[in-house]
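Enquirer: For reference, this is upload06.cif, and it has mmCIF, C-alpha atoms.
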```cif
data_model
#
loop_
_atom_site.label_atom_id
_atom_site.label_comp_id
_atom_site.auth_asym_id
_atom_site.auth_seq_id
_atom_site.Cartn_x
_atom_site.Cartn_y
_atom_site.Cartn_z
CA MET A 1 -1.73 -43.20 8.78
CA LYS A 2 -4.75 -40.99 8.27
CA ILE A 3 -4.60 -37.20 8.23
CA VAL A 4 -7.62 -34.91 8.03
CA ALA A 5 -7.49 -31.37 6.61
CA VAL A 6 -10.37 -29.37 8.06
CA CYS A 7 -12.07 -26.16 6.98
CA GLY A 8 -15.45 -24.60 7.59
CA MET A 9 -17.14 -25.60 4.35
CA GLY A 10 -15.03 -28.41 2.94
CA ILE A 11 -14.73 -26.84 -0.52
CA GLY A 12 -11.99 -24.23 -0.35
CA THR A 13 -9.35 -24.09 2.28
CA SER A 14 -9.37 -27.76 3.24
CA VAL A 15 -8.84 -28.72 -0.40
CA LEU A 16 -5.82 -26.40 -0.60
CA LEU A 17 -4.58 -27.72 2.71
CA LYS A 18 -4.98 -31.32 1.55
CA MET A 19 -2.94 -30.65 -1.61
CA ASN A 20 -0.13 -28.91 0.23
CA THR A 21 -0.13 -31.51 3.00
CA GLU A 22 0.30 -34.24 0.38
CA GLN A 23 3.27 -32.31 -1.01
CA ALA A 24 4.72 -31.89 2.48
CA LEU A 25 4.32 -35.62 3.21
CA GLN A 26 6.05 -36.46 -0.02
CA SER A 27 9.01 -34.27 0.88
CA LEU A 28 9.12 -35.90 4.31
CA GLY A 29 8.90 -39.38 2.76
CA VAL A 30 5.83 -40.21 4.86
CA ASP A 31 3.08 -42.43 3.51
CA ALA A 32 -0.36 -41.24 4.63
CA GLU A 33 -3.90 -40.80 3.43
CA VAL A 34 -5.11 -37.18 3.51
CA GLU A 35 -8.81 -36.41 3.62
CA ALA A 36 -10.48 -32.98 3.29
CA ALA A 37 -13.40 -32.43 5.64
CA ASP A 38 -15.70 -29.63 6.71
CA ILE A 39 -16.06 -28.70 10.34
CA GLY A 40 -19.41 -30.51 10.56
CA VAL A 41 -17.91 -33.93 9.92
CA ALA A 42 -14.45 -33.13 11.25
CA ARG A 43 -15.06 -34.30 14.80
CA GLY A 44 -16.08 -37.73 13.55
CA ALA A 45 -13.24 -37.93 11.05
CA ALA A 46 -10.77 -36.78 13.69
CA ARG A 47 -11.62 -39.79 15.88
CA THR A 48 -10.04 -42.19 13.42
CA ALA A 49 -7.21 -39.92 12.27
CA GLN A 50 -3.75 -39.55 13.73
CA ILE A 51 -3.34 -35.91 12.70
CA VAL A 52 -5.75 -33.06 12.07
CA LEU A 53 -4.59 -29.94 10.21
CA THR A 54 -6.64 -26.76 10.41
CA SER A 55 -6.63 -23.04 11.22
CA ALA A 56 -6.41 -21.60 14.72
CA GLU A 57 -10.08 -20.63 14.88
CA LEU A 58 -11.38 -23.99 13.69
CA ALA A 59 -9.01 -25.86 16.02
CA ASP A 60 -11.00 -24.35 18.90
CA GLU A 61 -14.24 -25.61 17.34
CA ILE A 62 -12.92 -29.14 16.89
CA GLY A 63 -12.18 -29.30 20.60
CA ASP A 64 -10.79 -32.41 22.28
CA VAL A 65 -10.02 -35.27 19.90
CA PRO A 66 -7.56 -38.17 20.21
CA ALA A 67 -5.70 -36.94 17.11
CA THR A 68 -2.83 -34.46 17.22
CA VAL A 69 -4.26 -31.12 16.07
CA ILE A 70 -1.84 -29.00 14.05
CA VAL A 71 -2.66 -25.32 13.54
CA VAL A 72 -1.54 -23.99 10.15
CA ASP A 73 -1.12 -20.22 9.65
CA SER A 74 -0.55 -20.11 5.89
CA PHE A 75 -2.30 -22.87 3.97
CA PHE A 76 -0.01 -22.21 1.02
CA ASP A 77 3.21 -22.61 2.92
CA VAL A 78 4.41 -26.18 2.29
CA ASP A 79 7.53 -25.49 4.38
CA GLU A 80 5.43 -24.52 7.38
CA ILE A 81 3.23 -27.60 6.96
CA SER A 82 6.29 -29.86 6.54
CA GLN A 83 7.92 -28.43 9.65
CA LYS A 84 4.81 -28.85 11.79
CA LEU A 85 4.17 -32.37 10.49
CA ARG A 86 7.78 -33.32 11.22
CA ASP A 87 7.43 -32.02 14.78
CA ALA A 88 4.16 -33.90 15.25
CA LEU A 89 5.53 -37.17 13.90
CA GLU A 90 8.62 -37.17 16.10
CA MET B 1 -4.53 -30.22 -14.04
CA SER B 2 -4.59 -28.15 -17.23
CA VAL B 3 -6.84 -25.42 -15.87
CA ASN B 4 -6.19 -21.90 -17.05
CA LEU B 5 -6.94 -19.85 -13.97
CA ALA B 6 -7.52 -16.68 -15.96
CA ASP B 7 -10.36 -18.47 -17.79
CA GLU B 8 -12.01 -19.43 -14.51
CA LEU B 9 -12.12 -15.82 -13.29
CA THR B 10 -15.58 -14.60 -14.21
CA SER B 11 -14.86 -11.14 -12.86
CA ILE B 12 -11.73 -9.15 -12.07
CA VAL B 13 -11.79 -5.89 -10.11
CA THR B 14 -8.57 -4.09 -9.23
CA ARG B 15 -7.67 -1.20 -6.91
CA ALA B 16 -11.06 -1.45 -5.25
CA THR B 17 -11.87 0.19 -1.96
CA ALA B 18 -13.75 -1.50 0.87
CA ASP B 19 -14.37 -0.06 4.34
CA ASP B 20 -14.35 -3.41 6.11
CA TRP B 21 -14.27 -7.17 5.50
CA ARG B 22 -18.01 -7.35 4.84
CA ALA B 23 -17.66 -4.76 2.08
CA ALA B 24 -14.65 -6.63 0.68
CA ILE B 25 -16.55 -9.94 0.57
CA THR B 26 -19.54 -8.15 -0.94
CA LEU B 27 -17.30 -6.96 -3.80
CA ALA B 28 -16.22 -10.57 -4.40
CA GLY B 29 -19.88 -11.62 -4.25
CA ASP B 30 -20.86 -8.89 -6.72
CA GLY B 31 -18.24 -10.31 -9.08
CA LEU B 32 -19.73 -13.80 -8.83
CA VAL B 33 -23.21 -12.37 -9.49
CA ALA B 34 -21.95 -10.33 -12.46
CA GLY B 35 -20.27 -13.42 -13.86
CA GLY B 36 -23.45 -15.47 -13.59
CA VAL B 37 -21.82 -17.80 -11.11
CA ALA B 38 -24.05 -17.19 -8.10
CA THR B 39 -26.99 -15.16 -6.87
CA GLU B 40 -26.85 -12.42 -4.24
CA ASP B 41 -27.86 -14.96 -1.60
CA TYR B 42 -24.42 -16.48 -1.96
CA THR B 43 -22.79 -13.16 -0.98
CA ARG B 44 -24.77 -13.27 2.27
CA GLU B 45 -23.76 -16.90 2.80
CA MET B 46 -20.06 -16.02 2.37
CA ILE B 47 -20.40 -13.29 5.03
CA GLU B 48 -22.25 -15.71 7.33
CA THR B 49 -19.38 -18.19 6.94
CA VAL B 50 -17.00 -15.65 8.51
CA GLU B 51 -19.54 -14.67 11.16
CA GLU B 52 -19.93 -18.32 12.11
CA HIS B 53 -16.39 -19.68 11.79
CA GLY B 54 -14.21 -16.59 11.96
CA SER B 55 -11.59 -15.24 9.62
CA TYR B 56 -10.04 -18.61 8.72
CA ILE B 57 -10.80 -17.80 5.06
CA VAL B 58 -7.70 -15.58 5.19
CA ILE B 59 -5.61 -18.55 4.14
CA ALA B 60 -2.27 -16.86 3.58
CA PRO B 61 -0.77 -13.44 4.36
CA GLY B 62 -2.88 -10.82 2.56
CA LEU B 63 -5.17 -13.32 0.82
CA ALA B 64 -8.79 -14.14 1.61
CA LEU B 65 -10.62 -16.98 -0.10
CA ALA B 66 -14.25 -15.92 0.32
CA HIS B 67 -16.62 -18.86 -0.05
CA ALA B 68 -19.57 -20.71 1.42
CA ARG B 69 -20.82 -24.25 1.06
CA PRO B 70 -22.46 -25.44 -2.18
CA SER B 71 -26.08 -24.18 -2.11
CA PRO B 72 -28.99 -23.33 -4.42
CA ALA B 73 -27.45 -19.84 -4.65
CA VAL B 74 -24.56 -21.32 -6.65
CA LEU B 75 -25.37 -21.48 -10.36
CA LYS B 76 -22.03 -22.87 -11.53
CA THR B 77 -18.47 -23.22 -10.30
CA GLY B 78 -16.39 -20.08 -10.67
CA LEU B 79 -14.08 -17.50 -9.17
CA SER B 80 -14.09 -13.74 -8.80
CA TRP B 81 -11.09 -11.53 -8.10
CA VAL B 82 -10.91 -8.35 -6.02
CA GLY B 83 -7.65 -6.46 -5.59
CA LEU B 84 -7.94 -3.94 -2.76
CA ASP B 85 -6.35 -0.53 -3.00
CA THR B 86 -6.29 -0.18 0.77
CA PRO B 87 -5.64 -3.28 2.90
CA VAL B 88 -8.62 -4.49 4.98
CA GLU B 89 -8.53 -6.13 8.42
CA PHE B 90 -10.39 -9.43 8.63
CA GLY B 91 -9.43 -10.15 12.24
CA HIS B 92 -7.00 -12.93 11.39
CA PRO B 93 -4.24 -13.48 13.98
CA THR B 94 -1.35 -13.82 11.51
CA ASN B 95 -2.47 -13.12 7.92
CA ASP B 96 -4.05 -9.64 8.17
CA PRO B 97 -4.39 -7.24 6.47
CA VAL B 98 -6.01 -8.54 3.28
CA ARG B 99 -5.10 -7.10 -0.12
CA LEU B 100 -6.62 -9.73 -2.37
CA VAL B 101 -10.04 -11.36 -2.05
CA ILE B 102 -10.90 -14.33 -4.25
CA GLY B 103 -14.54 -15.34 -4.30
CA LEU B 104 -15.15 -19.05 -4.84
CA ALA B 105 -18.45 -20.70 -5.64
CA ALA B 106 -18.63 -24.45 -6.17
CA THR B 107 -21.56 -26.64 -7.09
CA ASP B 108 -20.21 -29.63 -5.17
CA HIS B 109 -17.33 -30.64 -2.93
CA ASP B 110 -14.85 -31.91 -5.49
CA GLY B 111 -15.71 -30.63 -8.99
CA HIS B 112 -13.27 -27.74 -8.62
CA ILE B 113 -10.13 -29.46 -7.35
CA ALA B 114 -8.16 -28.62 -10.50
CA ILE B 115 -9.11 -24.95 -10.11
CA MET B 116 -7.93 -24.98 -6.50
CA ALA B 117 -4.66 -26.58 -7.55
CA ALA B 118 -4.15 -23.88 -10.21
CA LEU B 119 -4.99 -21.22 -7.65
CA ALA B 120 -2.49 -22.60 -5.16
CA GLN B 121 0.19 -22.77 -7.82
CA ALA B 122 -0.45 -19.19 -8.95
CA LEU B 123 -0.54 -17.68 -5.47
CA VAL B 124 1.98 -19.69 -3.47
CA ASP B 125 4.77 -17.15 -4.01
CA PRO B 126 4.31 -14.13 -1.68
CA VAL B 127 6.13 -11.80 -4.10
CA ARG B 128 3.80 -12.81 -6.93
CA ARG B 129 0.79 -12.37 -4.64
CA GLU B 130 1.95 -8.84 -3.92
CA ARG B 131 2.35 -8.07 -7.62
CA LEU B 132 -1.09 -9.50 -8.37
CA ALA B 133 -2.64 -7.45 -5.56
CA ASP B 134 -0.94 -4.34 -6.99
CA ALA B 135 -2.15 -5.00 -10.57
CA ALA B 136 -3.73 -1.93 -12.17
CA ASP B 137 -6.36 -3.67 -14.27
CA ALA B 138 -7.83 -7.00 -15.35
CA ASP B 139 -5.43 -7.31 -18.28
CA GLU B 140 -2.45 -7.06 -15.95
CA VAL B 141 -3.92 -9.71 -13.63
CA ARG B 142 -4.52 -12.05 -16.56
CA ALA B 143 -1.04 -11.40 -17.93
CA LEU B 144 0.57 -12.14 -14.55
CA LEU B 145 -1.48 -15.33 -14.18
CA ALA B 146 -0.68 -16.44 -17.72
CA ASP B 147 3.00 -15.85 -17.05
CA ASP B 148 2.75 -18.19 -14.08
CA SER B 149 1.52 -21.12 -16.13
CA HIS B 150 4.74 -21.40 -18.13
#
```
Could the structure of this file be written out as C-alpha cells, please?
Expert:
Amino acid sequence: MKIVAVCGMGIGTSVLLKMNTEQALQSLGVDAEVEAADIGVARGAARTAQIVLTSAELADEIGDVPATVIVVDSFFDVDEISQKLRDALE
Amino acid sequence: MSVNLADELTSIVTRATADDWRAAITLAGDGLVAGGVATEDYTREMIETVEEHGSYIVIAPGLALAHARPSPAVLKTGLSWVGLDTPVEFGHPTNDPVRLVIGLAATDHDGHIAIMAALAQALVDPVRRERLADAADADEVRALLADDSH
C-alpha cells in the first residue's frame, strides 16, 4: 500500500506527517510505504496512492483523486493519525 | 538521529509581541537572517506560503512551523525560535491561536530530516509545548530542550 503525506512545500509539515504516519502504521501493524510530497506533485502522487494525508486547507487544493484523503488537524498527534488511518482502512 | 535541537536553533526570541501572523512570521524570518541561515527574501517567501496555501503551517495547537521551499534565499539549513507573549491568530480552523513560531529554512528536501525528527520529539507533548512557549529567555528554552533529549 502507498500513502502520501502532503504539504505545501514538501520540506516541513509533510516530513513530520510522514514520520508520525509511519509510527501510526507501526502501531496498527500495517505495512505501507509513506512518501512526503509537496502540493505541486501531490495530485500525481495521489493517483497511485491508496491514502493521502494532509491538512484541511490543502485537501481542498488536491481536489478529486481516487485515493482516500484524510485530513489531519495536529501533525504531531500520532493517536489522531492512527485513529483516522484505522477508520480509513476498515 | 543524534541531532541536538538546541544546536540547530540559530536564534531564540522569547516573550515577543506580534500584532498579526505576518509580524509573527517576520520575527521568525528576522531570526533566520540574524543567524546567517537565510536572507530577508526568505521571510517574504514564508509569508507568501501562507498567502498561497493558507494557515496549514500551524501544524499543532499553538505551534506554527514557518517555512518556504528551498530557494536561493536559503544560505544553509537552520531553525529560528519565537515565543509569543500574546497569542496570535493565524486563521487555522483547529490549532489557533499560535504561541510558538519556529522558522525553518532548508537547502533541499531531505537534508534536514533528522532535525525534523528531533523537533517532533521535542514538541509532541502539549504540556511541554506550553512550557516552552512560556519560557522567559533563550537559556530556559535550551534547558527545556536539553531536558527532553534524556
Enquirer: Could you work out how far CA of Ser80 (chain B) lies from CA of Leu9 (chain B), giving the answer in Å with one decimal?
Expert: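 It comes out at 5.3 Å.
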Enquirer: Running the PyMOL selection byres ((chain A and resi 74-84) around 7) on this model by hand, what would come out? Give it as number ranges by chain.
Expert: A: 16-17, 20-21, 24-25, 72-73, 85-88; B: 59-61, 120, 124
Enquirer: Compare A:Ile11, A:Ala49, A:Gly29, A:Glu35 by their minimum atom-to-atom distance to Leu104 (chain B), counting only C-alpha atoms, and give me the closest one.
Expert: A:Ile11
Enquirer: Any chance you could resolve the PyMOL selection byres ((chain B) within 8 of (chain A)) against this file and give the residues as a list in words?
Expert: Thr49, His53, Gly54, Ser55, Tyr56, Ile57, Ile59, Ala60, Pro61, Leu65, His67, Ala68, Arg69, Thr94, Asn95, Leu104, Ala106, Asp108, His109, Asp110, Ile113, Met116, Ala117, Ala120, Leu123 and Val124 of chain B
Enquirer: Tell me which protein, DNA and RNA residues are within 6 Å of region 21-33 of chain B, counting only C-alpha atoms, leaving out same-chain ones fewer than 4 positions away, and put them as a list of chain:residue names.
Expert: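 Here the answer would be B:Ser11, B:Val37, B:Ala38, B:Thr39, B:Thr43, B:Ser80, B:Val82, B:Phe90, B:Gly103.
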Enquirer: Kindly export the residues of the current selection with C-alpha atoms, as a compact mmCIF listing (two decimals), in the frame of the given file.
Expert:
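Below is the file that was written, result.txt:
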```txt
# COMPACT_ATOMS: atom_id res chain seq x y z
CA SER B 11 -14.86 -11.14 -12.86
CA VAL B 37 -21.82 -17.80 -11.11
CA ALA B 38 -24.05 -17.19 -8.10
CA THR B 39 -26.99 -15.16 -6.87
CA THR B 43 -22.79 -13.16 -0.98
CA SER B 80 -14.09 -13.74 -8.80
CA VAL B 82 -10.91 -8.35 -6.02
CA PHE B 90 -10.39 -9.43 8.63
CA GLY B 103 -14.54 -15.34 -4.30
```
Enquirer: Just so the selection is clear, what residues does the PyMOL selection byres ((chain B and resi 132-143) around 12) cover here, as a PDB file with C-alpha atoms, in the coordinates of the input?
Expert:
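Final output, saved to result_35.pdb:
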```pdb
ATOM      1  CA  ASN B   4      -6.190 -21.900 -17.050  1.00  0.00           C
ATOM      2  CA  LEU B   5      -6.940 -19.850 -13.970  1.00  0.00           C
ATOM      3  CA  ALA B   6      -7.520 -16.680 -15.960  1.00  0.00           C
ATOM      4  CA  ASP B   7     -10.360 -18.470 -17.790  1.00  0.00           C
ATOM      5  CA  GLU B   8     -12.010 -19.430 -14.510  1.00  0.00           C
ATOM      6  CA  LEU B   9     -12.120 -15.820 -13.290  1.00  0.00           C
ATOM      7  CA  THR B  10     -15.580 -14.600 -14.210  1.00  0.00           C
ATOM      8  CA  SER B  11     -14.860 -11.140 -12.860  1.00  0.00           C
ATOM      9  CA  ILE B  12     -11.730  -9.150 -12.070  1.00  0.00           C
ATOM     10  CA  VAL B  13     -11.790  -5.890 -10.110  1.00  0.00           C
ATOM     11  CA  THR B  14      -8.570  -4.090  -9.230  1.00  0.00           C
ATOM     12  CA  ARG B  15      -7.670  -1.200  -6.910  1.00  0.00           C
ATOM     13  CA  ALA B  16     -11.060  -1.450  -5.250  1.00  0.00           C
ATOM     14  CA  PRO B  61      -0.770 -13.440   4.360  1.00  0.00           C
ATOM     15  CA  GLY B  62      -2.880 -10.820   2.560  1.00  0.00           C
ATOM     16  CA  LEU B  63      -5.170 -13.320   0.820  1.00  0.00           C
ATOM     17  CA  ALA B  64      -8.790 -14.140   1.610  1.00  0.00           C
ATOM     18  CA  SER B  80     -14.090 -13.740  -8.800  1.00  0.00           C
ATOM     19  CA  TRP B  81     -11.090 -11.530  -8.100  1.00  0.00           C
ATOM     20  CA  VAL B  82     -10.910  -8.350  -6.020  1.00  0.00           C
ATOM     21  CA  GLY B  83      -7.650  -6.460  -5.590  1.00  0.00           C
ATOM     22  CA  LEU B  84      -7.940  -3.940  -2.760  1.00  0.00           C
ATOM     23  CA  ASP B  85      -6.350  -0.530  -3.000  1.00  0.00           C
ATOM     24  CA  THR B  86      -6.290  -0.180   0.770  1.00  0.00           C
ATOM     25  CA  PRO B  87      -5.640  -3.280   2.900  1.00  0.00           C
ATOM     26  CA  VAL B  98      -6.010  -8.540   3.280  1.00  0.00           C
ATOM     27  CA  ARG B  99      -5.100  -7.100  -0.120  1.00  0.00           C
ATOM     28  CA  LEU B 100      -6.620  -9.730  -2.370  1.00  0.00           C
ATOM     29  CA  VAL B 101     -10.040 -11.360  -2.050  1.00  0.00           C
ATOM     30  CA  ILE B 102     -10.900 -14.330  -4.250  1.00  0.00           C
ATOM     31  CA  ALA B 122      -0.450 -19.190  -8.950  1.00  0.00           C
ATOM     32  CA  LEU B 123      -0.540 -17.680  -5.470  1.00  0.00           C
ATOM     33  CA  VAL B 124       1.980 -19.690  -3.470  1.00  0.00           C
ATOM     34  CA  ASP B 125       4.770 -17.150  -4.010  1.00  0.00           C
ATOM     35  CA  PRO B 126       4.310 -14.130  -1.680  1.00  0.00           C
ATOM     36  CA  VAL B 127       6.130 -11.800  -4.100  1.00  0.00           C
ATOM     37  CA  ARG B 128       3.800 -12.810  -6.930  1.00  0.00           C
ATOM     38  CA  ARG B 129       0.790 -12.370  -4.640  1.00  0.00           C
ATOM     39  CA  GLU B 130       1.950  -8.840  -3.920  1.00  0.00           C
ATOM     40  CA  ARG B 131       2.350  -8.070  -7.620  1.00  0.00           C
ATOM     41  CA  LEU B 144       0.570 -12.140 -14.550  1.00  0.00           C
ATOM     42  CA  LEU B 145      -1.480 -15.330 -14.180  1.00  0.00           C
ATOM     43  CA  ALA B 146      -0.680 -16.440 -17.720  1.00  0.00           C
ATOM     44  CA  ASP B 147       3.000 -15.850 -17.050  1.00  0.00           C
ATOM     45  CA  ASP B 148       2.750 -18.190 -14.080  1.00  0.00           C
ATOM     46  CA  SER B 149       1.520 -21.120 -16.130  1.00  0.00           C
ATOM     47  CA  HIS B 150       4.740 -21.400 -18.130  1.00  0.00           C
TER      48      HIS B 150
END
```
